[in-house]
Amino acid sequence: PALLSINENPLYDYGNQATGSVTNYTFIVTNTGGAPAYKVAGSGLGGAFSFAGGAYPGAGGTCGTTIANGASCNIVVTFSPGTTGAHTD
């Protein structure tokens, strides 16, 4: 089966950001499994986090709906806090 991993697993820290600021980070997704990953789509982001530009894989991202076994691609995630304090997703 396909097995996807993200280079910053389990956590990436955007650090201290001002309320209303916009900060992008490019994550590398790698399929280390023995089969392609099909029907890949962005989901699970919420709150202060979104895909850059509003849609998967994020503006400048290279991932598509299929990630071949042994292949890597990029997703770009935006952090834009609207309130102070810690944010997780």
# chains A, B, ... in the order shown; residues from 1 in each chain; ligands from 1
>>> select_by_dssp(residues="chain A", states="strand (DSSP E or B)", output="list in words")
Leu4, Ser5, Ile6, Thr23, Asn24, Tyr25, Thr26, Phe27, Ile28, Val29, Thr30, Asn31, Ala37, Phe49, Ser50, Phe51, Ile67, Ser72, Cys73, Asn74, Ile75, Val76, Val77, Thr78 and Phe79 of chain A
>>> residues_around(residues="Gln17 in chain A", least_positions_apart="2", cutoff="12 Å", atoms="only C-alpha atoms", output="list in words")
Asp13, Tyr14, Gly15, Thr19, Gly20, Ser21, Val22, Thr23, Asn24, Ala48, Thr78, Phe79, Ser80, Pro81, Gly82, Thr83, Thr84, Gly85, Ala86 and His87 of chain A
>>> residues_around(residues="Thr26 in chain A", least_positions_apart="2", cutoff="7 Å", atoms="only C-alpha atoms", output="list in words")
Asn24, Ile28, Asn74, Ile75, Val76 and Val77 of chain A
>>> atom_distance(atom1="CA of Asn16 in chain A", atom2="CA of Gly46 in chain A")
18.5 Å
>>> closest_residue(among="A:Thr30, A:Tyr25, A:Glu8, A:Leu3", to="Ala52 in chain A", atoms="only C-alpha atoms")
A:Tyr25
